[in-house]
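Colleague: My file is target.cif. It has mmCIF, C-alpha atoms and all ligand atoms:
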```
data_start
#
loop_
_atom_site.label_atom_id
_atom_site.label_comp_id
_atom_site.auth_asym_id
_atom_site.auth_seq_id
_atom_site.Cartn_x
_atom_site.Cartn_y
_atom_site.Cartn_z
CA MET A 174 -14.65 -37.14 2.20
CA ASN A 175 -17.53 -35.97 -0.01
CA CYS A 176 -17.98 -32.86 -2.15
CA LYS A 177 -20.03 -31.09 0.48
CA HIS A 178 -17.12 -31.27 2.90
CA ALA A 179 -14.43 -30.76 0.30
CA ARG A 180 -15.74 -27.64 -1.41
CA PRO A 181 -15.19 -25.11 1.38
CA LEU A 182 -11.71 -26.49 2.00
CA VAL A 183 -10.52 -25.97 -1.56
CA PRO A 184 -9.62 -22.26 -1.32
CA LEU A 185 -7.80 -22.92 1.94
CA TYR A 186 -5.95 -25.81 0.34
CA VAL A 187 -4.82 -23.60 -2.54
CA ASP A 188 -3.74 -20.89 -0.11
CA GLY A 189 -1.73 -23.38 1.94
CA GLU A 190 -3.86 -22.69 4.99
CA LEU A 191 -4.89 -26.27 5.78
CA THR A 192 -3.08 -28.33 8.36
CA SER A 193 -1.12 -31.27 6.99
CA VAL A 194 -3.79 -33.60 8.37
CA GLN A 195 -6.58 -31.71 6.58
CA SER A 196 -4.58 -31.59 3.35
CA ALA A 197 -3.95 -35.30 3.52
CA GLU A 198 -7.69 -35.87 3.88
CA LEU A 199 -8.63 -33.57 1.01
CA ARG A 200 -6.03 -34.67 -1.53
CA PRO A 201 -7.51 -38.11 -2.33
CA HIS A 202 -10.88 -36.48 -2.94
CA LEU A 203 -9.38 -33.92 -5.33
CA LEU A 204 -7.66 -36.71 -7.22
CA SER A 205 -10.85 -38.69 -7.60
CA CYS A 206 -13.42 -35.90 -8.07
CA PRO A 207 -13.21 -33.87 -11.31
CA ALA A 208 -15.63 -31.20 -10.05
CA CYS A 209 -13.63 -30.37 -6.93
CA ARG A 210 -10.39 -30.68 -8.85
CA SER A 211 -11.50 -28.10 -11.40
CA LEU A 212 -12.55 -25.87 -8.54
CA ALA A 213 -9.02 -26.07 -7.19
CA GLN A 214 -7.60 -25.35 -10.64
CA ALA A 215 -9.92 -22.37 -10.98
CA GLU A 216 -8.68 -21.02 -7.65
CA GLN A 217 -5.10 -21.50 -8.73
CA SER A 218 -5.67 -19.90 -12.12
CA LEU A 219 -6.62 -16.64 -10.48
CA HIS A 220 -3.24 -16.32 -8.83
CA ALA A 221 -1.56 -15.95 -12.24
CA TRP A 222 -3.13 -12.49 -12.53
CA PHE A 223 -1.22 -11.20 -9.55
CA VAL A 224 2.21 -10.61 -10.96
CA PRO A 225 4.86 -8.33 -9.50
CA THR A 226 4.64 -4.78 -10.82
CA ASP A 227 7.49 -2.45 -11.66
CA GLU A 228 9.01 -1.15 -8.48
CA ILE A 229 8.99 2.49 -7.52
CA PRO A 230 12.43 3.20 -6.07
CA VAL A 231 12.77 4.85 -2.69
CA PRO A 232 14.28 8.31 -3.30
CA ALA A 233 17.73 8.95 -1.86
CA GLY A 234 17.60 10.53 1.57
CA PHE A 235 13.96 9.55 2.10
CA ALA A 236 14.45 8.07 5.58
CA ALA A 237 16.45 11.06 6.84
CA HIS A 238 13.84 13.43 5.47
CA VAL A 239 10.94 11.56 7.05
CA ALA A 240 12.72 11.21 10.40
CA ARG A 241 13.44 14.93 10.43
CA ARG A 242 9.82 15.79 9.77
CA ALA A 243 8.60 13.30 12.33
CA VAL A 244 10.85 14.73 15.03
CA ALA A 245 9.73 18.23 14.02
CA GLY A 246 6.18 17.22 14.99
CA ASP A 247 4.61 16.52 11.61
CA THR A 248 1.94 13.91 12.29
CA GLY A 249 1.18 13.34 8.64
CA SER A 250 -2.57 13.07 8.54
CA LYS A 251 -3.43 16.75 8.26
CA ARG A 252 -1.34 17.59 5.22
CA PRO A 253 -3.26 18.23 2.01
CA LEU A 254 -2.74 15.79 -0.82
CA ALA A 255 0.04 16.60 -3.22
CA PRO A 256 -1.35 18.48 -6.23
CA VAL A 257 -1.04 15.67 -8.72
CA GLU A 258 -3.08 15.54 -11.90
CA GLY A 259 -4.31 12.00 -12.29
CA SER A 260 -1.94 9.18 -11.59
CA GLY A 261 0.65 7.17 -13.39
CA HIS A 262 1.62 10.03 -15.69
CA GLU A 263 5.25 10.92 -15.89
CA HIS A 264 5.98 14.62 -15.76
CA SER A 265 7.59 15.88 -18.88
CA GLU A 266 10.71 17.80 -18.08
CA PRO A 267 9.59 21.30 -19.16
CA ILE A 268 6.38 21.00 -17.14
CA LEU A 269 8.31 19.86 -14.12
CA GLN A 270 10.71 22.77 -14.52
CA PHE A 271 7.76 25.10 -14.72
CA VAL A 272 6.12 23.63 -11.65
CA LEU A 273 9.37 23.83 -9.70
CA HIS A 274 9.81 27.40 -10.80
CA ALA A 275 6.27 28.40 -9.93
CA LEU A 276 6.54 26.74 -6.55
CA ALA A 277 9.84 28.46 -5.88
CA VAL A 278 8.38 31.85 -6.75
CA ALA A 279 5.36 31.19 -4.58
CA ALA A 280 7.49 30.07 -1.66
CA ILE A 281 9.79 33.07 -1.87
CA ALA A 282 6.77 35.36 -2.06
CA LEU A 283 5.33 33.74 1.04
CA VAL A 284 8.59 33.96 2.95
CA VAL A 285 8.99 37.60 1.95
CA ALA A 286 5.39 38.24 2.93
CA SER A 287 5.81 36.63 6.30
CA ILE A 288 8.99 38.59 6.97
CA ALA A 289 7.29 41.79 5.86
CA MET A 290 4.39 41.03 8.16
CA ARG A 291 6.78 40.50 11.01
CA ARG A 292 8.33 43.92 10.28
CA LEU A 293 4.87 45.48 10.25
CA ASP A 294 4.13 43.91 13.56
CA GLN A 295 4.44 47.26 15.33
CA PRO A 296 0.87 47.50 16.67
CA ALA A 297 1.38 44.05 18.21
CA ALA A 298 -2.03 42.82 17.13
CA GLU A 299 -2.89 39.26 18.02
CA GLU A 300 -4.64 38.72 14.69
CA LEU A 301 -1.54 39.73 12.80
CA LYS A 302 0.43 37.10 14.63
CA ALA A 303 -2.13 34.51 13.62
CA HIS A 304 -1.80 35.54 9.99
CA GLU A 305 1.93 35.49 10.25
CA SER A 306 2.08 31.95 11.53
CA GLN A 307 -0.34 30.82 8.85
CA ALA A 308 1.78 32.41 6.16
CA LEU A 309 4.86 30.84 7.64
CA ASP A 310 3.20 27.43 7.71
CA ALA A 311 2.21 27.85 4.09
CA SER A 312 5.65 28.93 3.03
CA LEU A 313 7.29 26.07 4.89
CA PHE A 314 4.91 23.71 3.19
CA ALA A 315 5.67 25.21 -0.21
CA LEU A 316 9.40 24.95 0.46
CA ASP A 317 8.99 21.39 1.48
CA GLN A 318 7.11 20.67 -1.73
CA ILE A 319 9.99 22.11 -3.72
CA ASN A 320 12.45 19.93 -1.88
CA ARG A 321 10.38 16.90 -2.60
CA GLU A 322 9.93 17.79 -6.27
CA GLU A 323 13.64 18.41 -6.60
CA LEU A 324 14.51 15.12 -5.06
CA ARG A 325 12.04 13.38 -7.30
CA ALA A 326 13.33 15.17 -10.38
CA ALA A 327 16.86 14.17 -9.47
CA SER A 328 15.88 10.55 -9.13
CA ILE A 329 13.77 10.52 -12.32
CA PHE A 330 16.13 12.33 -14.62
CA ASN A 331 19.43 11.45 -13.08
CA PRO A 332 19.07 8.18 -11.19
CA GLN A 333 22.81 7.82 -10.68
CA GLY A 334 23.36 11.46 -9.76
CA ALA A 335 21.17 11.48 -6.66
CA GLN A 336 23.58 10.39 -4.00
CA GLU A 337 22.69 9.12 -0.61
CA GLY A 338 22.55 11.93 1.92
CA SER A 339 23.23 14.71 -0.59
CA SER A 340 19.65 15.87 -0.78
CA GLY A 341 20.57 18.89 1.28
CA ARG A 342 17.45 19.13 3.31
CA MET B 291 15.99 -18.34 13.60
CA ALA B 292 15.84 -15.85 16.46
CA LEU B 293 19.53 -16.29 17.09
CA LYS B 294 20.32 -15.64 13.46
CA LEU B 295 18.35 -12.41 13.58
CA VAL B 296 20.29 -11.26 16.59
CA GLN B 297 23.55 -11.85 14.81
CA GLU B 298 22.54 -10.10 11.62
CA ALA B 299 20.71 -7.19 13.15
CA PRO B 300 22.10 -6.29 16.54
CA LEU B 301 19.50 -3.56 16.89
CA GLN B 302 16.06 -5.15 17.18
CA ASP B 303 12.97 -3.21 16.17
CA ALA B 304 11.83 -3.06 19.78
CA ASP B 305 15.17 -1.50 20.84
CA LEU B 306 14.96 1.08 18.08
CA VAL B 307 11.37 1.91 19.04
CA ARG B 308 12.38 2.42 22.68
CA GLU B 309 15.30 4.63 21.68
CA ALA B 310 13.15 6.63 19.29
CA ILE B 311 10.60 7.25 22.06
CA ALA B 312 13.47 8.31 24.30
CA GLY B 313 14.25 10.99 21.74
CA ASN B 314 16.92 9.54 19.47
CA PRO B 315 15.93 10.60 15.94
CA LEU B 316 18.53 8.34 14.36
CA SER B 317 16.78 5.28 15.75
CA PHE B 318 13.61 6.25 13.99
CA GLN B 319 15.53 6.89 10.79
CA LEU B 320 16.93 3.37 11.03
CA LEU B 321 13.41 1.98 11.38
CA VAL B 322 12.33 3.95 8.32
CA GLU B 323 15.31 2.63 6.37
CA ARG B 324 14.51 -0.89 7.45
CA TYR B 325 10.91 -0.85 6.20
CA GLN B 326 10.69 1.87 3.55
CA GLY B 327 11.23 -0.61 0.69
CA ARG B 328 8.43 -2.88 1.84
CA LEU B 329 6.04 0.00 2.33
CA PHE B 330 6.88 1.44 -1.10
CA ALA B 331 6.04 -1.96 -2.58
CA LEU B 332 2.83 -2.11 -0.55
CA ALA B 333 1.65 1.37 -1.59
CA ARG B 334 2.56 0.52 -5.17
CA HIS B 335 -0.19 -2.10 -5.16
CA TYR B 336 -2.75 0.68 -4.74
CA THR B 337 -1.37 3.35 -7.05
CA SER B 338 1.15 3.53 -9.86
CA SER B 339 2.01 7.17 -9.25
CA PRO B 340 5.44 7.64 -7.62
CA VAL B 341 4.23 10.87 -6.02
CA GLU B 342 1.27 9.15 -4.40
CA VAL B 343 3.32 6.17 -3.27
CA GLU B 344 5.82 8.48 -1.60
CA ASP B 345 3.02 10.44 0.07
CA ILE B 346 1.39 7.31 1.45
CA VAL B 347 4.65 5.92 2.83
CA GLN B 348 5.71 9.23 4.31
CA ASP B 349 2.33 9.67 5.96
CA THR B 350 2.54 6.17 7.36
CA PHE B 351 5.89 6.79 9.02
CA LEU B 352 4.85 10.20 10.34
CA LYS B 353 1.71 8.71 11.87
CA ALA B 354 3.71 5.82 13.28
CA TYR B 355 6.19 8.18 14.92
CA SER B 356 3.47 10.34 16.43
CA ARG B 357 1.93 7.32 18.15
CA LEU B 358 5.06 5.28 18.72
CA ASP B 359 4.30 5.17 22.44
CA THR B 360 1.12 3.21 21.71
CA PHE B 361 3.08 0.36 20.13
CA GLN B 362 2.50 -2.48 22.56
CA HIS B 363 5.40 -4.78 21.70
CA GLN B 364 2.92 -7.67 21.65
CA SER B 365 2.84 -7.85 17.89
CA ALA B 366 5.77 -7.47 15.55
CA PHE B 367 6.66 -3.87 14.75
CA TYR B 368 6.12 -4.49 11.06
CA THR B 369 2.59 -5.82 11.65
CA TRP B 370 1.82 -2.66 13.58
CA LEU B 371 3.37 -0.51 10.87
CA TYR B 372 1.55 -2.44 8.16
CA ARG B 373 -1.73 -1.75 9.91
CA ILE B 374 -1.03 1.98 9.94
CA ALA B 375 -0.01 1.78 6.28
CA THR B 376 -3.24 0.02 5.38
CA ASN B 377 -5.29 2.64 7.20
CA THR B 378 -3.33 5.35 5.43
CA VAL B 379 -4.01 3.72 2.09
CA LEU B 380 -7.74 3.42 2.85
CA ASP B 381 -7.82 7.03 3.96
CA PHE B 382 -6.01 8.03 0.80
CA LEU B 383 -8.41 6.08 -1.42
CA LYS B 384 -11.36 7.65 0.35
CA ARG B 385 -10.02 11.16 -0.10
CA ARG B 386 -9.30 10.47 -3.75
CA GLY B 387 -12.84 9.18 -4.05
CA ARG B 388 -11.73 6.36 -6.30
CA CYS B 389 -12.98 3.39 -4.46
CA PRO B 390 -16.46 2.45 -3.35
CA VAL B 391 -16.61 1.66 0.35
CA GLN B 392 -20.01 -0.02 0.48
CA ALA B 393 -20.97 -3.62 -0.27
CA VAL B 394 -20.05 -5.26 3.00
CA GLU B 395 -22.50 -8.15 3.06
CA ASP B 396 -23.94 -8.46 -0.39
CA PRO B 397 -24.91 -12.07 -1.10
CA GLU B 398 -24.71 -11.39 -4.83
CA LEU B 399 -20.98 -10.96 -4.46
CA ALA B 400 -20.55 -14.49 -3.27
CA GLY B 401 -20.32 -15.63 -6.86
CA SER B 402 -22.10 -18.40 -8.64
CA PRO B 403 -20.97 -22.00 -8.88
CA GLU B 404 -20.22 -21.41 -12.58
CA THR B 405 -17.91 -18.53 -11.72
CA ASP B 406 -16.23 -20.59 -9.04
CA ARG B 407 -15.27 -23.29 -11.47
CA ARG B 408 -14.17 -20.98 -14.22
CA ILE B 409 -10.52 -20.99 -15.05
CA VAL B 410 -9.41 -17.46 -15.86
CA ARG B 411 -5.73 -17.73 -16.65
CA PRO B 412 -4.23 -14.65 -18.33
CA ASP B 413 -3.99 -15.04 -22.09
CA ALA B 414 -0.53 -16.19 -23.16
CA ARG B 415 -0.25 -13.24 -25.55
CA LEU B 416 -0.22 -10.78 -22.66
CA GLU B 417 3.05 -9.33 -21.42
CA ARG B 418 3.66 -9.41 -17.67
CA GLN B 419 3.16 -5.65 -17.41
CA GLU B 420 -0.14 -5.88 -19.31
CA VAL B 421 -1.38 -8.53 -16.91
CA ALA B 422 -0.40 -6.30 -14.00
CA GLU B 423 -2.24 -3.36 -15.54
CA ILE B 424 -5.46 -5.30 -16.04
CA THR B 425 -5.30 -6.60 -12.49
CA HIS B 426 -4.64 -3.12 -11.17
CA ALA B 427 -7.59 -1.70 -13.13
CA ILE B 428 -9.91 -4.34 -11.74
CA LEU B 429 -8.68 -3.84 -8.18
CA GLU B 430 -9.21 -0.08 -8.58
CA GLY B 431 -12.92 -0.61 -9.05
CA MET B 432 -13.39 -2.99 -6.16
CA PRO B 433 -14.69 -2.11 -2.70
CA GLU B 434 -11.87 -1.50 -0.26
CA ILE B 435 -12.63 -4.44 1.98
CA PHE B 436 -12.10 -6.82 -0.94
CA ARG B 437 -9.21 -4.96 -2.46
CA THR B 438 -7.17 -5.00 0.73
CA VAL B 439 -7.50 -8.74 1.30
CA LEU B 440 -6.61 -9.50 -2.31
CA VAL B 441 -3.53 -7.31 -2.15
CA MET B 442 -2.46 -8.88 1.13
CA ARG B 443 -3.04 -12.46 0.07
CA GLU B 444 -2.20 -12.48 -3.64
CA LEU B 445 0.43 -9.77 -3.90
CA GLU B 446 1.95 -9.61 -0.43
CA GLU B 447 1.44 -13.35 0.04
CA MET B 448 0.49 -12.97 3.67
CA ALA B 449 -0.93 -15.85 5.69
CA TYR B 450 -4.56 -15.63 6.86
CA GLN B 451 -3.38 -15.04 10.42
CA GLU B 452 -1.22 -12.09 9.37
CA ILE B 453 -4.11 -10.57 7.43
CA ALA B 454 -6.38 -11.08 10.42
CA ASP B 455 -3.85 -9.33 12.68
CA VAL B 456 -3.43 -6.35 10.41
CA LEU B 457 -7.15 -5.85 9.74
CA ASP B 458 -8.10 -6.79 13.28
CA ILE B 459 -10.68 -9.33 12.11
CA SER B 460 -11.08 -13.06 12.71
CA ILE B 461 -9.53 -15.71 10.48
CA GLY B 462 -13.05 -16.78 9.52
CA THR B 463 -13.77 -13.26 8.29
CA VAL B 464 -10.52 -13.24 6.30
CA GLU B 465 -11.60 -16.52 4.73
CA SER B 466 -15.07 -15.37 3.71
CA ARG B 467 -13.89 -11.94 2.59
CA LEU B 468 -11.20 -13.47 0.45
CA PHE B 469 -13.66 -15.91 -1.03
CA ARG B 470 -16.05 -13.16 -2.03
CA ALA B 471 -13.23 -10.90 -3.19
CA ARG B 472 -11.96 -13.57 -5.57
CA ALA B 473 -15.43 -14.29 -6.90
CA ARG B 474 -15.95 -10.64 -7.63
CA PHE B 475 -12.49 -10.26 -9.15
CA LYS B 476 -13.18 -13.19 -11.46
CA GLU B 477 -16.60 -11.85 -12.40
CA ARG B 478 -15.08 -8.55 -13.39
CA LEU B 479 -12.29 -10.18 -15.33
CA VAL B 480 -14.60 -12.19 -17.54
CA THR B 481 -17.02 -9.33 -18.09
CA GLN B 482 -14.48 -6.53 -18.62
CA TYR B 483 -11.73 -8.45 -20.38
CA PRO B 484 -13.45 -11.38 -22.05
CA GLU B 485 -10.86 -11.41 -24.82
CA PHE B 486 -8.00 -12.05 -22.40
CA ALA B 487 -9.68 -13.99 -19.66
CA GLN B 488 -11.79 -16.59 -21.35
CA GLY B 489 -13.64 -18.62 -18.82
CA ILE B 490 -12.83 -22.22 -19.52
CA ASN B 491 -15.21 -24.61 -17.90
CA GLU B 492 -13.52 -27.92 -17.47
ZN ZN C 501 -15.89 -33.34 -5.02
#
```
Go ahead and render the structure in this file as C-alpha cells.

Modeller:
Amino acid sequence: MNCKHARPLVPLYVDGELTSVQSAELRPHLLSCPACRSLAQAEQSLHAWFVPTDEIPVPAGFAAHVARRAVAGDTGSKRPLAPVEGSGHEHSEPILQFVLHALAVAAIALVVASIAMRRLDQPAAEELKAHESQALDASLFALDQINREELRAASIFNPQGAQEGSSGR
Amino acid sequence: MALKLVQEAPLQDADLVREAIAGNPLSFQLLVERYQGRLFALARHYTSSPVEVEDIVQDTFLKAYSRLDTFQHQSAFYTWLYRIATNTVLDFLKRRGRCPVQAVEDPELAGSPETDRRIVRPDARLERQEVAEITHAILEGMPEIFRTVLVMRELEEMAYQEIADVLDISIGTVESRLFRARARFKERLVTQYPEFAQGINE
C-alpha cells in the first residue's frame, strides 16, 4: 500500500470503521511511513478533547409528567421556549423565589380572569369564548411553568428531598 | 444477545410502543423512563443549561408520542427517537439563533495538509472540565451539520452506520462530513486556543 491509498483510510482506521482485512492491509504501511503515522496520531489526538461533561440529572417524576402531557395532546413543537436568560447560569435562590412568586401571581390572575370571563359569558358571544379559551391556555401554561420550576428548585436545592412520584402534578 | 435482552427486559420497546398506541399511558411512561437518561446526556452535548436540556428532552418525547403511529418497527426504537431528538436540537439551535446553518459544501473547510497532521492534544495543565468547556465553546460556533456528526461520533461514540441512519444520509456522506468537521474543529482550536492546543508537527 502507498500513501495515496493509505491517507483516506486513516480516519476510518482511527474510528474503527475499517474491516479487519482493510486494517491488516493498512497497519504495515502506518508502521513504515512516518507521514501517515503522524496523520493517524493527529486524528487520535483530537479525540482527547471530547471528554464526558458533568451530567444533568433527570428530575424526579419527569417520565410521569411527560407521559401525562403527551396523553393530554401536547405535541411539543408549538410551545414557546422557556424564558431563560442566557444559558449555564445557576439561578440564585432569591431570584428563583421571585420568579416562582411572580409566575404564581400571574397564573392565579389568569385563572381568576378566565373564571370571571366565564361568569360574564351571559351574552353568549363567540368571541368571548375564544378569549376565554386563550386565557385558559395561557393560565395552564403558566401553571405548568410553575410546576416545572418547583420541581427544578426541589432538585437543585434539595436533591435528596425530591422523592420519586411526589411531584404532585 | 437477543435472548439475554428478553430475560432482562420482558417488555420490548416494540411491545411498549404498540400498547402506547393502543392507549396505555403507562407504556409510554415506561419508554420515557427507559431513554430519558440517554436523551438528557445527548441534549447536554448541545447546551449546559438544565432548563434547556429538560425542554429539549420533553419536546422530543412529546413529538415522539404524537407520531408514535409512524414508527415503522424497521429500525430500533432508540434510533427513531434519537432522530427526533436530533431534529429537536437543531430546531432549538435555530430558534436560539446560536448556530450558523450555512457552509454545506465549502472546500475551504476541508482543511489543509498541515492541519491534518497537526497534533492538538489538550494541554496537560487543563482540568477535565476545562477541556470540556473549550470543546463546547468551539462546537457552539460550528455549523450544525458538522456539530451533529462530531457529537454523535466523538461524544456518543456512534458507528458511521448509526449516524447515517439517524441523519438519513449515506455512510460516504458521514465520512466526508466528519472529515471536514474535524478539520474545522482543529482549525478553530489552534486559532482560538493556541496556548492550550499547540499544534505539534511531528
Ligand atoms: Zn504513507

Colleague: Could you tell me, counting all atoms listed in the file, which protein and nucleic acid residues lie no more than 8 Å from ligand ZN 501 (chain C), written as JSON, numbers by chain?

Modeller: {"A": [175, 176, 177, 179, 180, 202, 203, 205, 206, 207, 208, 209, 210]}

Colleague: Nearest to Gly313 (chain B) among B:Asp359, B:Asp413, B:Asp381, B:Asp455, with distances taken over all atoms listed in the file: which residue is it?

Modeller: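 That would be B:Asp359, the residue with the smallest distance to Gly313 (chain B).
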
Colleague: One decimal, in Å: what's the spacing between CA of Phe223 (chain A) and CA of Pro181 (chain A)?

Modeller: 22.5 Å

Colleague: From the set A:Gly249, A:Gly234, A:Gly189, A:Pro201, which residue has the shortest atom-to-atom contact distance to chain B, counting only C-alpha atoms?

Modeller: A:Gly249

Colleague: With only C-alpha atoms considered, list every residue of chain A at most 7 Å from chain B, as a compact mmCIF listing (two decimals) with C-alpha atoms, keeping the file's coordinate frame.

Modeller:
```
# COMPACT_ATOMS: atom_id res chain seq x y z
CA SER A 211 -11.50 -28.10 -11.40
CA LEU A 212 -12.55 -25.87 -8.54
CA GLN A 214 -7.60 -25.35 -10.64
CA ALA A 215 -9.92 -22.37 -10.98
CA SER A 218 -5.67 -19.90 -12.12
CA LEU A 219 -6.62 -16.64 -10.48
CA HIS A 220 -3.24 -16.32 -8.83
CA ALA A 221 -1.56 -15.95 -12.24
CA TRP A 222 -3.13 -12.49 -12.53
CA PHE A 223 -1.22 -11.20 -9.55
CA VAL A 224 2.21 -10.61 -10.96
CA THR A 226 4.64 -4.78 -10.82
CA GLU A 228 9.01 -1.15 -8.48
CA ILE A 229 8.99 2.49 -7.52
CA VAL A 231 12.77 4.85 -2.69
CA ALA A 236 14.45 8.07 5.58
CA ALA A 237 16.45 11.06 6.84
CA VAL A 239 10.94 11.56 7.05
CA ALA A 240 12.72 11.21 10.40
CA ALA A 243 8.60 13.30 12.33
CA VAL A 244 10.85 14.73 15.03
CA ASP A 247 4.61 16.52 11.61
CA THR A 248 1.94 13.91 12.29
CA GLY A 249 1.18 13.34 8.64
CA SER A 250 -2.57 13.07 8.54
CA SER A 260 -1.94 9.18 -11.59
CA GLY A 261 0.65 7.17 -13.39
```

Colleague: Could you check the closest approach to Met442 (chain B) for each of B:Arg415, B:Arg478, B:Arg373, B:His363 and tell me which residue wins, using all atoms listed in the file?

Modeller: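 Checking each candidate against Met442 (chain B), we get B:Arg373 as the closest.
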
Colleague: Record the distance separating CA of Glu477 (chain B) and CA of Pro225 (chain A), expressed in Å with one decimal.

Modeller: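 Computing the Euclidean distance for CA of Glu477 (chain B) and CA of Pro225 (chain A) yields 21.9 Å.
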
Colleague: Rank B:Leu383, B:Ile311, B:Leu371, B:Leu332 by their smallest atom-to-atom distance to Glu430 (chain B), using only C-alpha atoms, and report the top residue only.

Modeller: B:Leu383

Colleague: Using CA of Ser196 (chain A) and CA of Leu182 (chain A) as the two end points, give the distance in Å to one decimal.

Modeller: 8.9 Å
